[in-house]
$ cat target.tsv   # TSV, C-alpha atoms
chain	number	residue	atom	x	y	z
A	9	MET	CA	0.00	0.00	0.00
A	10	ALA	CA	1.50	3.36	-1.06
A	11	GLN	CA	1.43	6.25	1.32
A	12	VAL	CA	1.98	9.86	0.52
A	13	VAL	CA	4.62	11.31	2.78
A	14	ALA	CA	4.19	14.96	3.66
A	15	PRO	CA	7.26	17.01	2.88
A	16	PRO	CA	9.21	18.14	5.94
A	17	VAL	CA	8.79	21.66	7.25
A	18	THR	CA	11.96	23.45	6.23
A	19	ARG	CA	13.26	26.93	6.95
A	20	GLN	CA	12.27	27.87	3.40
A	21	LYS	CA	8.72	26.72	4.02
A	22	VAL	CA	8.58	28.67	7.29
A	23	GLY	CA	9.87	31.68	5.35
A	24	ALA	CA	7.14	31.31	2.72
A	25	ILE	CA	4.48	31.08	5.43
A	26	ALA	CA	5.96	34.12	7.19
A	27	ASP	CA	5.95	36.07	3.92
A	28	GLY	CA	2.27	35.27	3.42
A	29	ALA	CA	1.51	36.14	7.05
A	30	PHE	CA	3.26	39.50	6.62
A	31	LYS	CA	1.03	40.24	3.62
A	32	VAL	CA	-2.05	39.34	5.67
A	33	LEU	CA	-0.87	41.64	8.49
A	34	LEU	CA	-0.17	44.44	6.01
A	35	ALA	CA	-3.66	43.86	4.60
A	36	ALA	CA	-5.23	44.32	8.03
A	37	VAL	CA	-3.27	47.54	8.59
A	38	SER	CA	-4.20	48.85	5.12
A	39	ILE	CA	-7.88	48.19	5.66
A	40	ALA	CA	-8.11	49.32	9.29
A	41	GLY	CA	-6.05	52.46	8.71
A	42	ALA	CA	-7.27	53.25	5.20
A	43	ALA	CA	-8.10	56.91	5.82
A	44	PRO	CA	-5.00	58.00	7.77
A	45	LEU	CA	-2.64	55.91	5.64
A	46	GLY	CA	-4.26	57.24	2.50
A	47	ARG	CA	-3.69	60.82	3.67
A	48	LEU	CA	-0.08	60.04	4.56
A	49	LEU	CA	0.63	58.44	1.17
A	50	GLY	CA	-1.51	60.81	-0.87
A	51	THR	CA	-3.92	58.11	-2.00
A	52	PRO	CA	-7.68	57.77	-1.62
A	53	ALA	CA	-8.94	55.64	1.26
A	54	TRP	CA	-10.81	53.32	-1.14
A	55	LEU	CA	-7.49	52.48	-2.84
A	56	MET	CA	-6.02	51.54	0.54
A	57	VAL	CA	-8.98	49.21	1.15
A	58	VAL	CA	-8.59	47.63	-2.32
A	59	THR	CA	-4.88	47.22	-1.64
A	60	GLY	CA	-5.68	45.55	1.68
A	61	VAL	CA	-8.06	43.12	0.00
A	62	ALA	CA	-5.46	42.28	-2.68
A	63	LEU	CA	-2.81	41.69	0.00
A	64	LEU	CA	-5.23	39.54	2.00
A	65	ILE	CA	-6.02	37.38	-1.03
A	66	GLY	CA	-2.37	37.14	-2.06
A	67	GLY	CA	-1.11	36.34	1.43
A	68	GLY	CA	-3.84	33.78	2.05
A	69	ILE	CA	-3.11	31.97	-1.21
A	70	GLU	CA	0.61	32.12	-0.47
A	71	ILE	CA	0.08	30.43	2.89
A	72	GLY	CA	-2.41	27.93	1.49
A	73	TYR	CA	-0.18	26.64	-1.30
A	74	THR	CA	2.94	25.95	0.79
A	75	ARG	CA	2.17	22.22	0.88
A	76	SER	CA	1.57	21.83	-2.81
A	77	ARG	CA	4.13	24.08	-4.52
A	78	SER	CA	7.90	23.80	-4.60
A	79	MET	CA	10.03	26.11	-2.52
A	80	ARG	CA	11.97	26.89	-5.69
A	81	THR	CA	8.79	28.42	-7.13
A	82	TYR	CA	8.16	30.32	-3.90
A	83	THR	CA	11.71	31.63	-3.79
A	84	TRP	CA	11.55	32.85	-7.37
A	85	LEU	CA	8.20	34.56	-6.80
A	86	MET	CA	9.28	36.16	-3.50
A	87	VAL	CA	12.48	37.54	-5.06
A	88	ALA	CA	10.52	38.96	-8.00
A	89	TYR	CA	7.86	40.45	-5.69
A	90	ASP	CA	10.37	41.98	-3.30
A	91	SER	CA	12.50	43.34	-6.16
A	92	GLY	CA	9.45	45.09	-7.58
A	93	TRP	CA	8.58	46.36	-4.10
A	94	VAL	CA	12.02	47.94	-3.68
A	95	LEU	CA	11.95	49.40	-7.18
A	96	THR	CA	8.53	50.99	-6.76
A	97	ALA	CA	9.47	52.30	-3.30
A	98	LEU	CA	12.55	53.95	-4.83
A	99	VAL	CA	10.53	55.37	-7.73
A	100	GLY	CA	7.89	56.67	-5.31
A	101	ALA	CA	10.53	58.25	-3.07
A	102	LEU	CA	12.23	59.84	-6.08
A	103	MET	CA	8.92	61.24	-7.28
A	104	ALA	CA	8.20	62.67	-3.83
A	105	TRP	CA	11.70	64.15	-3.66
A	106	GLN	CA	11.04	65.89	-7.00
A	107	GLY	CA	7.80	67.36	-5.63
A	108	SER	CA	5.31	64.97	-7.23
A	109	SER	CA	2.34	63.85	-5.19
A	110	ALA	CA	1.97	60.59	-7.15
A	111	GLY	CA	4.75	58.64	-5.41
A	112	GLY	CA	2.36	57.06	-2.91
A	113	GLU	CA	-0.01	56.05	-5.67
A	114	VAL	CA	2.80	54.34	-7.56
A	115	TRP	CA	3.79	52.33	-4.51
A	116	ILE	CA	0.22	51.51	-3.48
A	117	GLY	CA	-0.63	50.61	-7.08
A	118	TYR	CA	2.16	48.04	-6.99
A	119	GLN	CA	0.91	46.74	-3.64
A	120	THR	CA	-2.49	46.24	-5.25
A	121	ALA	CA	-1.38	44.46	-8.43
A	122	ALA	CA	1.65	42.46	-7.27
A	123	PRO	CA	-0.02	40.19	-4.66
A	124	ILE	CA	-2.69	39.18	-7.19
A	125	ALA	CA	-0.02	38.46	-9.83
A	126	PHE	CA	1.99	36.49	-7.23
A	127	ALA	CA	-1.08	34.44	-6.31
A	128	ALA	CA	-2.02	33.81	-9.95
A	129	LEU	CA	1.50	32.62	-10.79
A	130	LEU	CA	1.57	30.42	-7.69
A	131	ILE	CA	-1.77	28.83	-8.57
A	132	ALA	CA	-0.61	28.27	-12.17
A	133	ALA	CA	2.69	26.69	-11.09
A	134	LYS	CA	3.14	22.95	-11.28
A	135	PRO	CA	2.47	21.11	-8.03
A	136	ALA	CA	5.54	19.94	-6.12
A	137	ARG	CA	6.35	16.27	-6.40
A	138	THR	CA	5.40	14.20	-3.38
A	139	ALA	CA	7.36	11.22	-2.23
A	140	SER	CA	5.61	7.89	-1.97
A	141	VAL	CA	6.61	4.91	0.14
$ encode --input "target.tsv" --output "structure tokens"
Amino acid sequence: MAQVVAPPVTRQKVGAIADGAFKVLLAAVSIAGAAPLGRLLGTPAWLMVVTGVALLIGGGIEIGYTRSRSMRTYTWLMVAYDSGWVLTALVGALMAWQGSSAGGEVWIGYQTAAPIAFAALLIAAKPARTASV
């Protein structure tokens, strides 16, 4: 009789879960503090709420797929996501430094689109191979 053996919990897997949990926490902050954060970043409160929902969906899917997707896929997606995050933060800061009020919108726009793209790519990725005994 063949049994499916669950993959061991590795530091990479804990990291992927922590990354998803951070997105869920950021989602809660974005939704709960939509008005003051929106004023601080120069974005409408509704956009902060939409961003929070996108982060909640993305983080939840990221946590949920840790058992069925390879850590190689997760690592690639997290590096791409975080690279985009840094780039848009730099662009937003540069825009603010030059006197533009759109820097916050650039960064929040990324925070709205990127978690959904991350989740879609994760869902579309091939399932990890499971060992059988």
$ atom_distance --input "target.tsv" --atom1 "atom CA of Ser109 of chain A" --atom2 "atom CA of Leu55 of chain A"
15.2 Å
$ residues_around --input "target.tsv" --residues "segment 114-116 of chain A" --least-positions-apart "5" --cutoff "9 Å" --atoms "all atoms listed in the file" --output "compact mmCIF listing (two decimals) with C-alpha atoms, in the frame of the given file"
# COMPACT_ATOMS: atom_id res chain seq x y z
CA LEU A 49 0.63 58.44 1.17
CA THR A 51 -3.92 58.11 -2.00
CA LEU A 55 -7.49 52.48 -2.84
CA MET A 56 -6.02 51.54 0.54
CA THR A 59 -4.88 47.22 -1.64
CA TRP A 93 8.58 46.36 -4.10
CA THR A 96 8.53 50.99 -6.76
CA ALA A 97 9.47 52.30 -3.30
CA LEU A 98 12.55 53.95 -4.83
CA VAL A 99 10.53 55.37 -7.73
CA GLY A 100 7.89 56.67 -5.31
CA ALA A 121 -1.38 44.46 -8.43
$ closest_residue --input "target.tsv" --among "A:Val22, A:Val94, A:Ala53, A:Leu63" --to "Ala36 of chain A" --atoms "all atoms listed in the file"
A:Leu63
$ atom_distance --input "target.tsv" --atom1 "atom CA of Gln119 of chain A" --atom2 "atom CA of Ala62 of chain A"
7.8 Å
$ closest_residue --input "target.tsv" --among "A:Met103, A:Ala127, A:Leu95, A:Val17" --to "Gly67 of chain A" --atoms "only C-alpha atoms"
A:Ala127
$ residues_around --input "target.tsv" --residues "Trp84 of chain A" --least-positions-apart "3" --cutoff "12 Å" --atoms "only C-alpha atoms" --output "list in words"
Gln20, Ala24, Arg77, Ser78, Met79, Arg80, Thr81, Val87, Ala88, Tyr89, Asp90, Ser91, Phe126, Leu129, Leu130 and Ala133 of chain A
$ atom_distance --input "target.tsv" --atom1 "atom CA of Arg19 of chain A" --atom2 "atom CA of Tyr82 of chain A"
12.5 Å
$ closest_residue --input "target.tsv" --among "A:Gly50, A:Gly60, A:Thr74, A:Ala26" --to "Gly111 of chain A" --atoms "only C-alpha atoms"
A:Gly50
$ build_atoms --input "target.tsv" --residues "segment 108-130 of chain A" --atoms "N, CA and C atoms" --output "compact mmCIF listing (two decimals), keeping the file's coordinate frame"
# COMPACT_ATOMS: atom_id res chain seq x y z
N SER A 108 6.54 65.59 -6.72
CA SER A 108 5.31 64.97 -7.23
C SER A 108 4.50 64.38 -6.08
N SER A 109 3.21 64.44 -6.21
CA SER A 109 2.34 63.85 -5.19
C SER A 109 1.90 62.44 -5.57
N ALA A 110 2.41 61.90 -6.67
CA ALA A 110 1.97 60.59 -7.15
C ALA A 110 2.83 59.43 -6.65
N GLY A 111 3.87 59.70 -5.88
CA GLY A 111 4.75 58.64 -5.41
C GLY A 111 4.03 57.58 -4.59
N GLY A 112 3.14 58.01 -3.71
CA GLY A 112 2.36 57.06 -2.91
C GLY A 112 1.45 56.20 -3.77
N GLU A 113 0.87 56.81 -4.78
CA GLU A 113 -0.01 56.05 -5.67
C GLU A 113 0.76 55.00 -6.46
N VAL A 114 1.98 55.32 -6.85
CA VAL A 114 2.80 54.34 -7.56
C VAL A 114 3.06 53.14 -6.66
N TRP A 115 3.47 53.41 -5.43
CA TRP A 115 3.79 52.33 -4.51
C TRP A 115 2.54 51.52 -4.14
N ILE A 116 1.45 52.20 -3.84
CA ILE A 116 0.22 51.51 -3.48
C ILE A 116 -0.35 50.75 -4.69
N GLY A 117 -0.19 51.32 -5.87
CA GLY A 117 -0.63 50.61 -7.08
C GLY A 117 0.10 49.28 -7.22
N TYR A 118 1.40 49.29 -6.95
CA TYR A 118 2.16 48.04 -6.99
C TYR A 118 1.65 47.07 -5.92
N GLN A 119 1.39 47.58 -4.73
CA GLN A 119 0.91 46.74 -3.64
C GLN A 119 -0.47 46.16 -3.93
N THR A 120 -1.18 46.76 -4.86
CA THR A 120 -2.49 46.24 -5.25
C THR A 120 -2.35 45.15 -6.31
N ALA A 121 -1.50 45.39 -7.30
CA ALA A 121 -1.38 44.46 -8.43
C ALA A 121 -0.46 43.27 -8.13
N ALA A 122 0.64 43.51 -7.45
CA ALA A 122 1.65 42.46 -7.27
C ALA A 122 1.16 41.24 -6.48
N PRO A 123 0.41 41.40 -5.37
CA PRO A 123 -0.02 40.19 -4.66
C PRO A 123 -0.97 39.31 -5.49
N ILE A 124 -1.77 39.95 -6.33
CA ILE A 124 -2.69 39.18 -7.19
C ILE A 124 -1.89 38.45 -8.26
N ALA A 125 -0.88 39.12 -8.84
CA ALA A 125 -0.02 38.46 -9.83
C ALA A 125 0.75 37.31 -9.18
N PHE A 126 1.27 37.53 -7.97
CA PHE A 126 1.99 36.49 -7.23
C PHE A 126 1.08 35.28 -7.03
N ALA A 127 -0.14 35.54 -6.57
CA ALA A 127 -1.08 34.44 -6.31
C ALA A 127 -1.44 33.71 -7.60
N ALA A 128 -1.67 34.45 -8.68
CA ALA A 128 -2.02 33.81 -9.95
C ALA A 128 -0.88 32.92 -10.46
N LEU A 129 0.35 33.42 -10.35
CA LEU A 129 1.50 32.62 -10.79
C LEU A 129 1.70 31.39 -9.90
N LEU A 130 1.44 31.55 -8.62
CA LEU A 130 1.57 30.42 -7.69
C LEU A 130 0.52 29.35 -7.99
